[in-house]
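K.L.:
Take a look at input30.txt, compact mmCIF, C-alpha atoms:
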```
# COMPACT_ATOMS: atom_id res chain seq x y z
CA MET A 1 6.37 6.40 -15.56
CA MET A 2 6.50 9.09 -12.93
CA ARG A 3 7.96 12.44 -12.22
CA VAL A 4 11.61 12.37 -11.41
CA ASP A 5 11.83 15.48 -9.31
CA GLY A 6 9.88 17.25 -6.63
CA LYS A 7 6.68 16.02 -5.12
CA LEU A 8 5.20 12.67 -5.85
CA GLY A 9 1.61 12.85 -6.81
CA PRO A 10 -0.18 10.11 -4.88
CA VAL A 11 -1.89 9.06 -8.07
CA SER A 12 1.21 8.74 -10.19
CA TRP A 13 2.99 6.86 -7.44
CA SER A 14 0.08 4.50 -7.00
CA ARG A 15 -0.03 3.90 -10.71
CA ALA A 16 3.68 3.27 -10.82
CA LEU A 17 3.31 0.81 -7.99
CA MET A 18 0.42 -0.92 -9.64
CA ALA A 19 2.53 -1.25 -12.74
CA VAL A 20 5.32 -2.75 -10.70
CA ALA A 21 2.92 -5.02 -8.84
CA THR A 22 1.42 -6.21 -12.10
CA LYS A 23 4.81 -6.78 -13.58
CA PHE A 24 5.73 -8.85 -10.57
CA LYS A 25 3.02 -11.30 -11.38
CA ASP A 26 4.08 -11.47 -15.00
CA VAL A 27 7.80 -11.84 -14.70
CA LYS A 28 7.85 -13.23 -11.15
CA ALA A 29 10.96 -11.25 -10.48
CA LEU A 30 11.91 -7.66 -10.12
CA GLY A 31 14.97 -7.96 -12.29
CA GLY A 32 13.15 -7.02 -15.45
CA SER A 33 10.90 -4.36 -14.05
CA GLY A 34 13.21 -1.38 -14.11
CA SER A 35 14.13 -1.42 -10.46
CA THR A 36 17.68 -1.97 -9.25
CA LEU A 37 18.72 -4.14 -6.35
CA SER A 38 20.27 -1.96 -3.68
CA SER A 39 22.25 -2.86 -0.60
CA ALA A 40 21.35 0.53 0.88
CA ILE A 41 17.85 -0.71 1.62
CA GLU A 42 17.49 -2.86 4.65
CA ILE A 43 14.55 -5.13 5.42
CA THR A 44 14.27 -6.14 9.04
CA ALA A 45 11.94 -9.10 9.37
CA PRO A 46 12.09 -12.63 10.73
CA ASP A 47 13.48 -15.42 8.51
CA ILE A 48 10.66 -17.62 9.64
CA ALA A 49 7.28 -16.24 10.63
CA GLU A 50 5.42 -18.64 12.86
CA ASN A 51 2.18 -16.76 12.40
CA GLY A 52 1.53 -15.40 8.93
CA ALA A 53 -1.21 -13.14 10.27
CA VAL A 54 1.29 -10.92 12.04
CA VAL A 55 4.69 -10.57 10.39
CA PRO A 56 6.69 -7.58 11.61
CA ILE A 57 8.52 -5.86 8.76
CA ALA A 58 10.70 -2.77 9.00
CA VAL A 59 12.30 -1.08 6.02
CA GLU A 60 15.11 1.42 6.25
CA SER A 61 16.60 3.19 3.27
CA LYS A 62 20.05 4.75 3.40
CA LEU A 63 19.59 6.28 -0.03
CA PRO A 64 19.61 10.06 -0.17
CA LYS A 65 16.33 11.71 -1.17
CA THR A 66 14.18 8.71 -0.37
CA GLN A 67 10.68 9.79 -1.33
CA ALA A 68 8.64 6.67 -0.83
CA ILE A 69 8.85 3.14 0.52
CA ALA A 70 6.55 0.30 -0.45
CA ILE A 71 6.25 -3.23 0.90
CA LEU A 72 5.29 -5.88 -1.64
CA ILE A 73 4.65 -9.53 -0.89
CA GLU A 74 5.07 -11.57 -4.03
CA LYS A 75 2.77 -14.48 -3.27
CA ASN A 76 -0.04 -12.65 -1.50
CA PRO A 77 -3.36 -12.32 -3.36
CA SER A 78 -2.72 -8.60 -3.51
CA THR A 79 0.99 -8.08 -3.91
CA LEU A 80 1.14 -4.48 -2.78
CA SER A 81 0.80 -4.46 0.97
CA ALA A 82 1.61 -0.93 2.02
CA GLU A 83 3.25 2.16 0.67
CA PHE A 84 4.48 5.18 2.51
CA GLU A 85 5.36 8.63 1.27
CA ILE A 86 8.29 10.09 3.10
CA PRO A 87 8.42 13.90 3.13
CA ALA A 88 11.69 15.73 3.78
CA GLY A 89 12.39 15.71 7.52
CA THR A 90 10.96 12.25 8.06
CA ASP A 91 13.41 9.39 8.39
CA PRO A 92 13.38 6.94 5.47
CA PHE A 93 12.27 4.25 7.87
CA VAL A 94 8.94 2.55 8.46
CA SER A 95 7.95 -0.41 10.54
CA THR A 96 4.63 -2.21 10.43
CA ARG A 97 3.05 -5.66 10.55
CA VAL A 98 1.65 -7.52 7.56
CA LYS A 99 -0.22 -10.70 6.73
CA MET A 100 1.36 -13.38 4.58
CA GLY A 101 -0.55 -16.28 3.07
CA GLU A 102 2.48 -18.46 2.46
CA THR A 103 6.27 -18.42 2.27
CA SER A 104 7.21 -15.65 -0.11
CA ASN A 105 9.74 -13.12 -1.19
CA VAL A 106 9.10 -9.73 0.34
CA TYR A 107 10.26 -6.70 -1.63
CA ALA A 108 10.96 -3.28 -0.25
CA LEU A 109 10.64 -0.89 -3.14
CA VAL A 110 12.08 2.57 -2.67
CA ILE A 111 11.88 5.66 -4.81
CA ALA A 112 14.96 7.74 -4.14
CA ASP A 113 15.88 10.76 -6.22
CA GLY A 114 13.38 9.61 -8.82
CA LYS A 115 14.85 6.15 -9.20
CA TYR A 116 13.39 2.78 -8.29
CA LEU A 117 15.50 0.60 -6.06
CA HIS A 118 14.65 -2.45 -4.06
CA ALA A 119 15.74 -5.05 -1.58
CA VAL A 120 14.34 -8.52 -1.22
CA LYS A 121 14.08 -11.02 1.60
CA GLU A 122 12.42 -14.39 1.74
CA ILE A 123 10.21 -14.99 4.73
CA LYS A 124 9.10 -18.54 5.49
CA VAL A 125 5.61 -18.84 6.85
CA THR A 126 4.57 -21.86 8.86
CA ILE A 127 0.90 -20.87 9.40
CA GLY A 128 -0.67 -18.67 6.74
CA GLY A 129 -2.50 -15.51 7.67
CA CYS A 130 -4.79 -14.84 4.75
CA GLY A 131 -7.16 -17.80 4.83
CA GLY A 132 -10.13 -18.50 7.07
CA MET B 133 -16.97 4.17 15.48
CA ALA B 134 -13.75 2.34 15.85
CA ASP B 135 -11.84 2.42 19.10
CA PRO B 136 -9.25 5.17 19.62
CA MET B 137 -5.72 4.66 18.40
CA ARG B 138 -3.00 4.15 20.92
CA ILE B 139 -0.26 6.61 20.10
CA ARG B 140 3.14 7.10 21.64
CA ALA B 141 5.30 10.01 20.53
CA ASN B 142 8.64 10.39 22.26
CA MET B 143 11.74 12.44 21.61
CA THR B 144 14.82 10.36 20.80
CA GLY B 145 17.68 12.77 20.23
CA ASP B 146 16.42 15.42 17.82
CA LYS B 147 13.78 13.16 16.34
CA VAL B 148 10.26 12.28 17.30
CA GLU B 149 9.65 8.57 17.46
CA VAL B 150 6.02 7.74 16.76
CA LYS B 151 4.40 4.38 17.46
CA VAL B 152 0.75 3.83 16.68
CA LEU B 153 -1.59 0.95 17.26
CA MET B 154 -4.90 1.27 15.44
CA SER B 155 -7.98 -0.74 16.17
CA HIS B 156 -9.31 -2.21 12.95
CA GLU B 157 -10.42 -5.58 11.56
CA MET B 158 -8.42 -5.29 8.32
CA GLU B 159 -10.70 -7.84 6.68
CA THR B 160 -9.28 -9.04 3.34
CA GLY B 161 -12.51 -9.88 1.57
CA LEU B 162 -11.15 -13.37 0.91
CA ARG B 163 -12.37 -15.07 4.07
CA LYS B 164 -15.69 -16.82 4.47
CA ASP B 165 -17.90 -17.03 7.52
CA ALA B 166 -19.30 -20.26 8.99
CA GLN B 167 -22.13 -20.21 6.40
CA GLY B 168 -19.67 -19.98 3.55
CA LYS B 169 -20.54 -16.38 2.80
CA VAL B 170 -17.67 -14.11 1.85
CA ILE B 171 -16.87 -11.56 4.55
CA PRO B 172 -16.64 -8.21 2.74
CA ALA B 173 -13.30 -6.46 2.64
CA HIS B 174 -12.94 -3.84 5.33
CA PHE B 175 -9.54 -2.25 5.69
CA ILE B 176 -7.77 1.03 6.33
CA ARG B 177 -6.79 2.57 3.05
CA ASN B 178 -5.18 5.87 3.95
CA VAL B 179 -3.21 7.03 6.93
CA THR B 180 -1.96 10.57 7.37
CA VAL B 181 0.22 11.86 10.16
CA THR B 182 0.58 15.60 10.64
CA HIS B 183 2.65 17.76 12.93
CA ALA B 184 2.34 21.56 13.08
CA GLY B 185 0.22 21.62 9.97
CA LYS B 186 2.70 19.61 7.93
CA THR B 187 2.28 16.03 6.78
CA VAL B 188 5.11 13.97 8.21
CA LEU B 189 3.97 10.62 6.80
CA SER B 190 1.24 9.44 4.51
CA ALA B 191 0.50 5.84 3.76
CA GLN B 192 -1.72 3.87 1.43
CA TRP B 193 -2.50 0.40 2.61
CA GLY B 194 -3.92 -2.72 1.11
CA THR B 195 -5.71 -5.63 2.72
CA SER B 196 -2.56 -7.39 3.78
CA VAL B 197 -1.63 -5.09 6.63
CA SER B 198 -2.27 -7.02 9.83
CA ARG B 199 -5.40 -6.67 11.91
CA ASN B 200 -5.05 -3.87 14.47
CA PRO B 201 -2.30 -2.24 12.42
CA PHE B 202 0.94 -1.12 13.94
CA LEU B 203 3.01 1.72 12.56
CA HIS B 204 6.37 3.02 13.67
CA PHE B 205 8.38 5.87 12.14
CA ARG B 206 10.51 8.90 13.02
CA PHE B 207 10.52 12.52 11.96
CA LYS B 208 12.54 15.65 12.66
CA GLY B 209 11.32 19.07 13.72
CA GLY B 210 9.08 18.21 16.67
CA LYS B 211 9.59 19.18 20.29
CA PRO B 212 8.11 18.02 23.58
CA GLY B 213 4.60 19.40 24.07
CA ASP B 214 3.81 19.51 20.34
CA LYS B 215 0.88 17.59 19.02
CA VAL B 216 0.99 14.78 16.49
CA THR B 217 -2.29 14.10 14.71
CA ILE B 218 -3.04 10.79 13.03
CA SER B 219 -6.00 10.11 10.77
CA TRP B 220 -7.13 7.04 8.93
CA ALA B 221 -9.89 6.31 6.48
CA ASP B 222 -11.09 2.88 5.47
CA ASN B 223 -12.70 1.46 2.34
CA GLN B 224 -16.19 1.58 3.88
CA GLY B 225 -16.03 5.29 4.60
CA GLU B 226 -15.19 5.07 8.28
CA LYS B 227 -12.71 7.59 9.61
CA ARG B 228 -10.89 8.27 12.79
CA THR B 229 -8.53 10.99 13.99
CA ASP B 230 -6.53 10.95 17.21
CA GLU B 231 -3.85 13.15 18.72
CA ALA B 232 -0.92 12.65 21.00
CA VAL B 233 1.40 15.07 22.75
CA ILE B 234 5.12 14.55 22.21
CA ALA B 235 6.81 13.48 25.43
CA GLY B 236 10.36 14.45 26.41
CA GLY B 237 13.28 12.09 25.66
```
Take the structure I supplied and represent it as structure tokens, if you would.
P.N.:
Amino acid sequence: MMRVDGKLGPVSWSRALMAVATKFKDVKALGGSGSTLSSAIEITAPDIAENGAVVPIAVESKLPKTQAIAILIEKNPSTLSAEFEIPAGTDPFVSTRVKMGETSNVYALVIADGKYLHAVKEIKVTIGGCGG
Amino acid sequence: MADPMRIRANMTGDKVEVKVLMSHEMETGLRKDAQGKVIPAHFIRNVTVTHAGKTVLSAQWGTSVSRNPFLHFRFKGGKPGDKVTISWADNQGEKRTDEAVIAGG
């Protein structure tokens, strides 16, 4: 899959994410994809997004050696929304805004100390943000 | 050329809190115009934030980041007066780099 120690090559990480994103679509759940549910990852986002075009999502990891954080939206046409590489010295925290086409589970995938961990939160969308 | 980013970099304790608002369409490539023609995808793909020659955050984005993207994060090791440099590149080859000076807490 990817290197366990040291620096994350952007390519290997992207590939790993693609693999995870693809797997998502196949198994429709993260349970079987090699990532572990973790309560040390916190997703801050609304339960109901009135406007799917602008959904604020913040992810904070309390896991030591967090190397990367990715935001995946299960039911979007492209599941992988954003991924961030977190060098040492930068807080394992990112906040951004994403588009959501419909109500979906949102996954925060974290690589910490070479391991995949994730948190999940369902966000209900009343007006989608991916259509015309 | 896209409009400049709006960047705020403030000290909070020993950390630098960075908030960025970029000006970009973030077109998904899935929408159609009034004539039914597909509007080509146009979105920021890479974002890099550097401080004192060191990358403090790098991001790869897809089409589902909102229009006029917002980014908020924190890093250690900065001090008031230092510069934070943010660059993005999109899928159509456009690029933009802006700087901000870290303000005191």
K.L.:
Have a look at A:Ile69, A:Leu117, A:Leu37, A:Ile48 and name the one nearest to chain B; count only C-alpha atoms.
P.N.:
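Looking at the shortest contact to chain B, the residue is A:Ile69.
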K.L.:
For chain B, which residue out of A:Ala68, A:Val94, A:Val59, A:Ala88 is the nearest one, using all atoms listed in the file?
P.N.:
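Ranked by minimum distance to chain B, first place goes to A:Val94.
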K.L.:
Work out how far apart atom CA of B:Lys147 and atom CA of B:Ala235 are and give it in Å to one decimal.
P.N.:
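Distance between the two atoms: 11.5 Å.
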K.L.:
Here is a test: counting all atoms listed in the file, which residue of B:Ala191, B:Ala173, B:Ala184, B:Ile218 is nearest to B:Glu231?
P.N.:
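Using all atoms listed in the file, B:Glu231 sits closest to B:Ile218.
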K.L.:
Neighbours of B:Ser190 within 8 Å (only C-alpha atoms; same-chain residues fewer than 4 positions away dropped), as a list in words?
P.N.:
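The neighbour list is Phe84, Glu85 and Ile86 of chain A; Asn178, Val179, Thr180 and Val181 of chain B.
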K.L.:
Residues of chain B that have any atom at most 8 Å from an atom of chain A: could you tabulate them with the shortest-distance atom pair and the distance in Å to one decimal, using only C-alpha atoms, ordered by chain and increasing number, as a tab-separated table?
P.N.:
```
residue	atom	partner	partner_atom	distance
B:Thr160	CA	A:Cys130	CA	7.5
B:Leu162	CA	A:Gly131	CA	7.1
B:Arg163	CA	A:Gly132	CA	5.1
B:Lys164	CA	A:Gly132	CA	6.4
B:Asp165	CA	A:Gly132	CA	7.9
B:Thr187	CA	A:Pro87	CA	7.5
B:Val188	CA	A:Pro87	CA	6.1
B:Leu189	CA	A:Ile86	CA	5.7
B:Ser190	CA	A:Glu85	CA	5.3
B:Ala191	CA	A:Phe84	CA	4.2
B:Gln192	CA	A:Glu83	CA	5.3
B:Trp193	CA	A:Ala82	CA	4.4
B:Gly194	CA	A:Ser81	CA	5.0
B:Thr195	CA	A:Ser81	CA	6.8
B:Ser196	CA	A:Lys99	CA	5.0
B:Val197	CA	A:Val98	CA	4.2
B:Ser198	CA	A:Val98	CA	4.6
B:Arg199	CA	A:Ala53	CA	7.9
B:Pro201	CA	A:Arg97	CA	6.6
B:Phe202	CA	A:Thr96	CA	5.2
B:Leu203	CA	A:Thr96	CA	4.8
B:His204	CA	A:Ser95	CA	4.9
B:Phe205	CA	A:Val94	CA	5.0
B:Arg206	CA	A:Asp91	CA	5.5
B:Phe207	CA	A:Thr90	CA	3.9
B:Lys208	CA	A:Gly89	CA	5.1
B:Gly209	CA	A:Gly89	CA	7.1
```
K.L.:
Using all atoms listed in the file, find the one residue out of A:Glu74, A:Thr126, A:Glu42, A:Asn105 that sits nearest to A:Ser61.
P.N.:
A:Glu42
K.L.:
Could you tell me how far atom CA of B:Met137 sits from atom CA of B:Ser219, in Å to one decimal place?
P.N.:
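Computing it gives 9.4 Å between the two atoms.
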